[in-house]
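Have a look at upload.tsv; it's TSV, C-alpha atoms:
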chain	number	residue	atom	x	y	z
S	1	MET	CA	0.00	0.00	0.00
S	2	LYS	CA	1.13	3.53	-0.79
S	3	VAL	CA	-0.36	6.74	0.54
S	4	ALA	CA	-0.63	10.17	-1.10
S	5	LEU	CA	-1.74	13.53	0.24
S	6	VAL	CA	-3.13	15.88	-2.43
S	7	THR	CA	-3.91	19.45	-1.41
S	8	GLY	CA	-6.51	21.56	-3.18
S	9	ALA	CA	-8.24	18.47	-4.51
S	10	SER	CA	-11.91	19.46	-4.61
S	11	SER	CA	-11.94	20.03	-8.36
S	12	GLY	CA	-9.83	20.57	-11.45
S	13	ILE	CA	-6.23	19.40	-11.44
S	14	GLY	CA	-6.26	18.25	-7.82
S	15	LEU	CA	-9.33	16.08	-8.35
S	16	ALA	CA	-7.85	14.54	-11.49
S	17	ILE	CA	-4.60	13.76	-9.64
S	18	ALA	CA	-6.39	12.15	-6.72
S	19	MET	CA	-8.54	10.00	-8.99
S	20	LYS	CA	-5.50	8.90	-11.00
S	21	LEU	CA	-3.62	7.92	-7.85
S	22	LEU	CA	-6.65	5.99	-6.62
S	23	ASP	CA	-6.66	4.15	-9.95
S	24	ASP	CA	-2.96	3.44	-9.40
S	25	GLY	CA	-3.79	1.74	-6.09
S	26	TYR	CA	-2.95	4.50	-3.63
S	27	CYS	CA	-4.84	5.45	-0.52
S	28	VAL	CA	-5.37	9.19	-0.89
S	29	ALA	CA	-5.99	12.02	1.54
S	30	VAL	CA	-7.51	15.08	-0.14
S	31	THR	CA	-7.96	18.61	1.13
S	32	GLY	CA	-10.43	21.35	0.30
S	33	ARG	CA	-12.05	24.34	1.95
S	34	SER	CA	-15.56	22.90	1.67
S	35	HIS	CA	-16.51	19.51	3.08
S	36	VAL	CA	-19.64	19.59	0.91
S	37	THR	CA	-17.56	19.99	-2.26
S	38	LEU	CA	-15.19	17.23	-1.18
S	39	THR	CA	-18.11	14.92	-0.53
S	40	GLU	CA	-19.59	15.67	-3.94
S	41	ALA	CA	-16.24	14.85	-5.55
S	42	TYR	CA	-15.34	11.70	-3.58
S	43	GLY	CA	-18.60	10.44	-2.12
S	44	ALA	CA	-18.74	7.53	-4.53
S	45	CYS	CA	-15.16	6.41	-3.81
S	46	ASN	CA	-14.22	3.55	-1.52
S	47	PRO	CA	-14.23	5.17	1.95
S	48	THR	CA	-11.37	2.95	3.10
S	49	LYS	CA	-9.16	4.46	0.39
S	50	VAL	CA	-10.05	8.16	0.67
S	51	LEU	CA	-9.68	10.59	3.56
S	52	MET	CA	-11.43	13.93	3.06
S	53	LEU	CA	-9.86	16.77	5.04
S	54	GLN	CA	-11.55	20.14	5.22
S	55	ALA	CA	-8.72	22.66	5.43
S	56	ASP	CA	-7.93	26.27	4.56
S	57	SER	CA	-4.41	26.48	3.18
S	58	THR	CA	-4.09	30.13	4.18
S	59	ILE	CA	-4.18	29.10	7.84
S	60	PHE	CA	-0.72	28.17	9.12
S	61	GLU	CA	-1.93	25.58	11.62
S	62	SER	CA	-3.60	23.57	8.86
S	63	TYR	CA	-0.32	22.31	7.40
S	64	ALA	CA	0.61	20.13	10.37
S	65	VAL	CA	-2.96	18.95	10.78
S	66	ILE	CA	-3.44	17.59	7.27
S	67	VAL	CA	-0.14	15.69	7.36
S	68	SER	CA	-0.73	14.23	10.81
S	69	GLU	CA	-4.32	13.24	10.00
S	70	THR	CA	-3.15	11.48	6.84
S	71	VAL	CA	-0.53	9.47	8.72
S	72	LYS	CA	-2.93	8.79	11.58
S	73	ARG	CA	-5.47	7.31	9.18
S	74	PHE	CA	-3.21	5.40	6.79
S	75	GLY	CA	-0.06	4.82	8.86
S	76	GLN	CA	2.42	6.34	6.42
S	77	LEU	CA	2.99	8.93	3.70
S	78	ASP	CA	4.65	8.15	0.36
S	79	VAL	CA	3.69	11.10	-1.87
S	80	LEU	CA	2.88	14.73	-1.11
S	81	VAL	CA	1.28	16.71	-3.93
S	82	ASN	CA	1.32	20.43	-3.11
S	83	ASN	CA	-1.37	21.40	-5.62
S	84	VAL	CA	-3.29	24.09	-3.72
S	85	GLY	CA	-2.96	27.62	-5.06
S	86	GLY	CA	-4.61	30.47	-6.90
S	87	GLY	CA	-4.22	33.93	-8.37
S	88	ILE	CA	-6.11	37.20	-8.72
S	89	LEU	CA	-6.38	39.20	-11.92
S	90	GLY	CA	-5.48	42.87	-12.00
S	91	GLN	CA	-2.94	43.00	-9.20
S	92	THR	CA	-0.80	45.78	-10.63
S	93	ILE	CA	2.19	47.36	-8.93
S	94	GLY	CA	0.18	50.37	-7.90
S	95	SER	CA	-2.77	48.44	-6.57
S	96	VAL	CA	-1.09	45.74	-4.47
S	97	GLY	CA	-1.02	46.33	-0.74
S	98	GLU	CA	0.85	44.47	1.97
S	99	ALA	CA	-2.16	42.28	2.77
S	100	ASP	CA	-2.61	41.35	-0.91
S	101	TRP	CA	1.04	40.38	-1.23
S	102	ALA	CA	1.07	38.40	1.99
S	103	SER	CA	-2.14	36.59	1.09
S	104	MET	CA	-0.80	35.46	-2.29
S	105	PHE	CA	2.45	34.18	-0.84
S	106	ARG	CA	0.67	32.46	2.03
S	107	LEU	CA	-1.59	30.53	-0.33
S	108	ASN	CA	0.95	29.63	-3.01
S	109	THR	CA	4.34	29.62	-1.29
S	110	GLU	CA	4.04	29.25	2.47
S	111	SER	CA	1.50	26.44	2.14
S	112	CYS	CA	3.92	24.61	-0.16
S	113	PHE	CA	6.97	25.02	2.06
S	114	PHE	CA	5.41	24.33	5.45
S	115	THR	CA	3.38	21.33	4.26
S	116	LEU	CA	6.61	20.00	2.76
S	117	GLN	CA	8.36	20.65	6.06
S	118	GLU	CA	5.74	18.74	8.02
S	119	SER	CA	5.88	15.80	5.61
S	120	VAL	CA	9.65	15.24	5.68
S	121	PRO	CA	9.86	12.93	8.74
S	122	HIS	CA	7.20	10.66	7.25
S	123	LEU	CA	8.56	10.70	3.70
S	124	GLU	CA	12.04	9.85	4.96
S	125	LYS	CA	10.65	6.57	6.30
S	126	THR	CA	9.17	5.65	2.91
S	127	ARG	CA	11.83	7.31	0.70
S	128	GLY	CA	8.95	9.24	-0.72
S	129	VAL	CA	8.26	11.99	-3.23
S	130	ILE	CA	7.15	15.62	-3.04
S	131	ILE	CA	5.50	17.12	-6.13
S	132	ASN	CA	5.02	20.89	-6.04
S	133	PHE	CA	3.10	23.06	-8.48
S	134	SER	CA	4.44	26.15	-10.16
S	135	SER	CA	3.01	27.82	-13.28
S	136	ILE	CA	4.18	28.98	-16.67
S	137	LEU	CA	3.68	32.48	-15.23
S	138	ALA	CA	6.74	31.88	-13.06
S	139	SER	CA	8.73	32.03	-16.31
S	140	ARG	CA	6.44	33.96	-18.67
S	141	PRO	CA	4.83	36.80	-16.69
S	142	VAL	CA	1.69	38.62	-17.78
S	143	LYS	CA	0.39	42.02	-16.70
S	144	GLY	CA	-1.66	42.05	-13.53
S	145	PHE	CA	-0.31	38.79	-12.11
S	146	LEU	CA	2.94	39.97	-10.49
S	147	PRO	CA	2.29	38.60	-6.96
S	148	TYR	CA	1.08	35.27	-8.35
S	149	SER	CA	4.04	34.96	-10.72
S	150	ALA	CA	6.53	35.81	-7.97
S	151	SER	CA	4.96	33.36	-5.54
S	152	LYS	CA	5.12	30.56	-8.10
S	153	ALA	CA	8.73	31.37	-9.03
S	154	ALA	CA	9.51	30.95	-5.33
S	155	VAL	CA	7.94	27.49	-5.43
S	156	GLU	CA	10.43	26.48	-8.11
S	157	MET	CA	13.36	27.52	-5.91
S	158	ILE	CA	11.80	25.76	-2.91
S	159	THR	CA	11.69	22.65	-5.07
S	160	GLN	CA	15.32	22.87	-6.14
S	161	SER	CA	16.67	23.78	-2.71
S	162	ALA	CA	14.63	21.09	-0.96
S	163	ALA	CA	15.65	18.49	-3.54
S	164	LEU	CA	19.31	19.19	-2.79
S	165	GLU	CA	18.83	19.06	0.97
S	166	LEU	CA	16.55	16.02	1.05
S	167	ALA	CA	18.35	13.80	-1.48
S	168	PRO	CA	20.51	12.19	1.24
S	169	LYS	CA	17.29	11.24	3.04
S	170	GLY	CA	16.03	9.44	-0.06
S	171	ILE	CA	13.28	11.99	-0.70
S	172	ARG	CA	12.81	13.24	-4.26
S	173	VAL	CA	11.34	16.71	-4.83
S	174	LEU	CA	9.89	17.75	-8.19
S	175	CYS	CA	7.81	20.55	-9.63
S	176	ILE	CA	5.19	20.66	-12.37
S	177	SER	CA	4.74	23.93	-14.26
S	178	PRO	CA	1.54	23.89	-16.35
S	179	ALA	CA	0.57	26.33	-19.06
S	180	THR	CA	-3.14	26.96	-19.76
S	181	ILE	CA	-5.28	24.16	-18.34
S	182	GLU	CA	-9.05	24.23	-18.57
S	183	THR	CA	-10.13	24.39	-14.92
S	184	ASN	CA	-11.90	26.86	-12.66
S	185	PHE	CA	-8.63	28.75	-12.07
S	186	HIS	CA	-9.41	31.66	-14.37
S	187	ARG	CA	-12.98	32.05	-13.11
S	188	ALA	CA	-11.69	32.06	-9.53
S	189	ALA	CA	-9.08	34.64	-10.51
S	190	GLY	CA	-11.81	37.04	-11.60
S	191	MET	CA	-12.76	36.20	-15.20
S	192	SER	CA	-16.39	35.89	-16.19
S	193	ALA	CA	-17.51	32.61	-17.74
S	194	GLU	CA	-17.60	34.30	-21.14
S	195	ALA	CA	-14.12	35.80	-20.74
S	196	ALA	CA	-12.68	32.47	-19.61
S	197	ALA	CA	-14.19	30.66	-22.60
S	198	ALA	CA	-12.79	33.29	-24.96
S	199	TYR	CA	-9.39	33.04	-23.31
S	200	TYR	CA	-9.32	29.26	-23.73
S	201	ALA	CA	-10.30	29.57	-27.39
S	202	ALA	CA	-7.58	32.14	-28.04
S	203	SER	CA	-5.01	30.11	-26.09
S	204	VAL	CA	-5.23	27.30	-28.63
S	205	GLN	CA	-3.14	29.56	-30.87
S	206	THR	CA	-0.49	30.23	-28.22
S	207	HIS	CA	0.28	26.55	-27.60
S	208	PRO	CA	2.17	25.05	-30.58
S	209	ILE	CA	0.67	21.62	-29.97
S	210	GLY	CA	-2.69	23.09	-31.02
S	211	ARG	CA	-4.77	22.80	-27.87
S	212	ILE	CA	-4.85	23.81	-24.23
S	213	GLY	CA	-4.27	21.29	-21.49
S	214	THR	CA	-6.65	19.19	-19.43
S	215	PRO	CA	-6.42	18.11	-15.80
S	216	SER	CA	-5.78	14.54	-16.97
S	217	ASP	CA	-2.62	15.72	-18.78
S	218	ILE	CA	-1.27	16.81	-15.41
S	219	ALA	CA	-2.53	13.79	-13.49
S	220	GLU	CA	-0.74	11.40	-15.83
S	221	MET	CA	2.57	13.16	-15.19
S	222	VAL	CA	2.02	13.08	-11.43
S	223	SER	CA	1.49	9.33	-11.69
S	224	VAL	CA	4.85	8.96	-13.45
S	225	LEU	CA	6.74	11.23	-11.05
S	226	ALA	CA	5.29	9.46	-8.02
S	227	ASP	CA	6.51	6.09	-9.30
S	228	GLY	CA	10.17	5.58	-8.44
S	229	SER	CA	10.44	2.74	-10.95
S	230	LYS	CA	9.70	5.24	-13.72
S	231	SER	CA	11.25	8.47	-12.45
S	232	GLY	CA	13.61	7.39	-9.68
S	233	PHE	CA	16.59	9.27	-11.14
S	234	MET	CA	14.71	12.58	-11.20
S	235	THR	CA	14.84	15.19	-8.46
S	236	GLY	CA	14.89	18.99	-8.45
S	237	SER	CA	13.41	19.16	-11.93
S	238	VAL	CA	10.78	21.69	-13.02
S	239	ILE	CA	8.68	19.88	-15.63
S	240	HIS	CA	6.86	22.16	-18.08
S	241	ILE	CA	3.58	20.65	-19.23
S	242	ASP	CA	2.76	23.43	-21.62
S	243	GLY	CA	1.94	22.23	-25.13
S	244	GLY	CA	5.13	23.91	-26.31
S	245	ARG	CA	4.21	27.36	-25.04
S	246	MET	CA	7.65	27.90	-23.49
S	247	LEU	CA	9.06	27.62	-27.03
S	248	THR	CA	7.23	30.72	-28.22
S	249	SER	CA	7.88	34.44	-27.92
S	250	ALA	CA	6.03	37.65	-28.76
S	251	VAL	CA	7.78	37.91	-32.10
S	252	ALA	CA	7.89	34.25	-33.10
S	253	SER	CA	4.82	34.43	-35.34
S	254	GLN	CA	6.39	37.28	-37.33
S	255	MET	CA	9.59	35.39	-38.13
S	256	LYS	CA	9.93	33.26	-41.21

Spit out the file's structure as structure tokens when you get a sec.
Amino acid sequence: MKVALVTGASSGIGLAIAMKLLDDGYCVAVTGRSHVTLTEAYGACNPTKVLMLQADSTIFESYAVIVSETVKRFGQLDVLVNNVGGGILGQTIGSVGEADWASMFRLNTESCFFTLQESVPHLEKTRGVIINFSSILASRPVKGFLPYSASKAAVEMITQSAALELAPKGIRVLCISPATIETNFHRAAGMSAEAAAAYYAASVQTHPIGRIGTPSDIAEMVSVLADGSKSGFMTGSVIHIDGGRMLTSAVASQMK
């Protein structure tokens, strides 16, 4: 038996990851802010294989709780997936206050680091894996997302620094950096349903592979990274799942 903890797993990428790991034979603890939403997502799953944990990742005390409750229920921890996160549109230099900045880093960066910190003693016992989540915006910034982009760039350095420190303990640390994935992220960031749909349609042209991503694209990679028989020589890597978007630039379409 192997055990995974997936944060921010009520919907979208987190839900797809949890379901993939369940299919792979894991017991999975999942977190979300709403117990109702978690129940809707996992109510039909085998209750002996799923632990639903209502938690707010902006609250510092929650990080220790979700790790300890996972180990208490399943007896061990093999994989931590730090998926929780989010952004807000329109956070320009002039508009961002101290509370806005702190809130963004608490959700995206502090939750990642301190959940990782809490998991280390348990992952050392299983020679486990930590999979963090960055974003293409950590490398390709857009206007109005400065705090989000900075917080996700920090996640990439957390990944690399932790991978170096934890390698002697047998713990691998990796990071997935997605480009545009069709989830509720953009709606939650402040887009209307119509604006999000238009953005997804336009984004087909900005990804050389000819489509935007799906949560299952990400979940399949998590499955590979979690499996030491497939990715055991990988640690510290930032894996771009981006349909080729990192290959493009503002002037690429004008060049022959």

Give me the residues within 9 Å of range 119-128 of chain S as a ChimeraX atom specification, counting all atoms listed in the file and dropping any in the same chain fewer than 4 places off. /S:64,67-68,71,76-80,114-115,166,169-173,226,228

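Using only C-alpha atoms, the protein and nucleic acid residues lying at most 7 Å from the point (15.9, 19.0, -5.6) are Thr159, Gln160, Ser161, Ala162, Ala163, Leu164, Arg172, Val173, Leu174, Thr235, Gly236 and Ser237 of chain S.
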
Save out the residues we just selected, C-alpha atoms, as an mmCIF file, in the frame of the given file.
data_model
loop_
_atom_site.group_PDB
_atom_site.id
_atom_site.type_symbol
_atom_site.label_atom_id
_atom_site.label_comp_id
_atom_site.auth_asym_id
_atom_site.auth_seq_id
_atom_site.Cartn_x
_atom_site.Cartn_y
_atom_site.Cartn_z
ATOM 1 C CA THR S 159 11.690 22.650 -5.070
ATOM 2 C CA GLN S 160 15.320 22.870 -6.140
ATOM 3 C CA SER S 161 16.670 23.780 -2.710
ATOM 4 C CA ALA S 162 14.630 21.090 -0.960
ATOM 5 C CA ALA S 163 15.650 18.490 -3.540
ATOM 6 C CA LEU S 164 19.310 19.190 -2.790
ATOM 7 C CA ARG S 172 12.810 13.240 -4.260
ATOM 8 C CA VAL S 173 11.340 16.710 -4.830
ATOM 9 C CA LEU S 174 9.890 17.750 -8.190
ATOM 10 C CA THR S 235 14.840 15.190 -8.460
ATOM 11 C CA GLY S 236 14.890 18.990 -8.450
ATOM 12 C CA SER S 237 13.410 19.160 -11.930
#

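Near Gly144 in chain S, within 10 Å and counting all atoms listed in the file, sit Gly87, Ile88, Leu89, Gly90, Gln91, Thr92, Ile93, Ser95, Val96, Tyr148 and Ser149 of chain S; same-chain residues fewer than 4 positions away were not included.
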
Spatial neighbours of Glu156 in chain S, 7 Å, only C-alpha atoms, chain gap at least 5 places, as a VMD selection string: chain S and resid 134 175 238

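Nearest residue to Leu5 in chain S among S:Gly210, S:Ser57, S:Thr37, S:Thr70 is S:Thr70, counting only C-alpha atoms.
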
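Put simply, CA of Ser135 in chain S is 13.8 Å away from CA of Pro215 in chain S.
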
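In this comparison, which uses all atoms listed in the file, the residue of S:Ala4, S:Leu22, S:Leu51, S:Val84 approaching Phe185 in chain S most closely is S:Val84.
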
Contacts of Gln54 in chain S at 8 Å or less, counting all atoms listed in the file, minus same-chain residues fewer than 3 places along, as a PyMOL selection string? chain S and resi 31-35+38

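Shortest atom-to-atom contact with Ser223 in chain S among S:His240, S:His186, S:Lys20, S:Lys2: S:Lys20, counting only C-alpha atoms.
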
Residues within 12 Å of Phe60 in chain S, please, as an MDAnalysis selection string. Count only C-alpha atoms; anything in the same chain fewer than 3 positions from it doesn't count. chainID S and resid 55:57 63:66 103 106:107 109:115 118

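The smallest atom-to-atom distance between Ala29 in chain S and any of S:Arg73, S:Thr58, S:Ala41, S:Glu182, using all atoms listed in the file, is found for S:Arg73.
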
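Take CA of Ile130 in chain S and CA of Gly86 in chain S: the distance between them is 19.3 Å.
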
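Distances from S:Ser62, S:Ser249, S:Gln117, S:Thr39 to Ser10 in chain S were compared using all atoms listed in the file, and the smallest one belongs to S:Thr39.
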
Taking (3.6, 34.4, -21.5) in the file's coordinates as the center, which residues reach within 8 Å of it, counting all atoms listed in the file, put as a ChimeraX atom specification? /S:136-137,139-142,245-246,249

Could you please take those selected residues and save C-alpha atoms as a PDB file, keeping the file's coordinate frame?
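Wrote out_6.pdb, looks like this:
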ATOM      1  CA  ILE S 136       4.180  28.980 -16.670  1.00  0.00           C
ATOM      2  CA  LEU S 137       3.680  32.480 -15.230  1.00  0.00           C
ATOM      3  CA  SER S 139       8.730  32.030 -16.310  1.00  0.00           C
ATOM      4  CA  ARG S 140       6.440  33.960 -18.670  1.00  0.00           C
ATOM      5  CA  PRO S 141       4.830  36.800 -16.690  1.00  0.00           C
ATOM      6  CA  VAL S 142       1.690  38.620 -17.780  1.00  0.00           C
ATOM      7  CA  ARG S 245       4.210  27.360 -25.040  1.00  0.00           C
ATOM      8  CA  MET S 246       7.650  27.900 -23.490  1.00  0.00           C
ATOM      9  CA  SER S 249       7.880  34.440 -27.920  1.00  0.00           C
TER      10      SER S 249
END

Specify the axis-aligned box that encloses all atoms of range 124-136 of chain S listed in the file after padding of 4 Å on each side, stating its centre and edge lengths in Å to one decimal as lines of an AutoDock Vina configuration file.
center_x = 7.5
center_y = 17.3
center_z = -5.2
size_x = 17.0
size_y = 31.3
size_z = 31.0

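CA of Gly8 in chain S is positioned 19.5 Å from CA of Asp24 in chain S.
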
Mind filling out range 17-31 of chain S with N, CA and C atoms and sending it as a short mmCIF file (atom, residue, chain, number, x, y, z; two decimals), in the frame of the given file?
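Heads up, here's the output in out_7.cif:
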data_model
loop_
_atom_site.label_atom_id
_atom_site.label_comp_id
_atom_site.auth_asym_id
_atom_site.auth_seq_id
_atom_site.Cartn_x
_atom_site.Cartn_y
_atom_site.Cartn_z
N ILE S 17 -5.77 14.44 -10.23
CA ILE S 17 -4.60 13.76 -9.64
C ILE S 17 -5.04 12.71 -8.64
N ALA S 18 -5.94 13.10 -7.74
CA ALA S 18 -6.39 12.15 -6.72
C ALA S 18 -7.04 10.92 -7.34
N MET S 19 -7.87 11.13 -8.34
CA MET S 19 -8.54 10.00 -8.99
C MET S 19 -7.55 9.10 -9.71
N LYS S 20 -6.53 9.69 -10.32
CA LYS S 20 -5.50 8.90 -11.00
C LYS S 20 -4.72 8.06 -9.99
N LEU S 21 -4.36 8.66 -8.87
CA LEU S 21 -3.62 7.92 -7.85
C LEU S 21 -4.47 6.81 -7.23
N LEU S 22 -5.76 7.06 -7.07
CA LEU S 22 -6.65 5.99 -6.62
C LEU S 22 -6.66 4.85 -7.62
N ASP S 23 -6.72 5.17 -8.89
CA ASP S 23 -6.66 4.15 -9.95
C ASP S 23 -5.34 3.38 -9.90
N ASP S 24 -4.27 4.07 -9.48
CA ASP S 24 -2.96 3.44 -9.40
C ASP S 24 -2.81 2.58 -8.15
N GLY S 25 -3.82 2.58 -7.28
CA GLY S 25 -3.79 1.74 -6.09
C GLY S 25 -3.42 2.44 -4.80
N TYR S 26 -3.28 3.75 -4.84
CA TYR S 26 -2.95 4.50 -3.63
C TYR S 26 -4.16 4.65 -2.72
N CYS S 27 -3.89 4.81 -1.43
CA CYS S 27 -4.84 5.45 -0.52
C CYS S 27 -4.53 6.94 -0.60
N VAL S 28 -5.57 7.77 -0.63
CA VAL S 28 -5.37 9.19 -0.89
C VAL S 28 -6.11 10.05 0.12
N ALA S 29 -5.38 10.97 0.74
CA ALA S 29 -5.99 12.02 1.54
C ALA S 29 -6.10 13.26 0.67
N VAL S 30 -7.25 13.91 0.71
CA VAL S 30 -7.51 15.08 -0.14
C VAL S 30 -7.98 16.23 0.72
N THR S 31 -7.55 17.44 0.37
CA THR S 31 -7.96 18.61 1.13
C THR S 31 -8.77 19.57 0.27
#
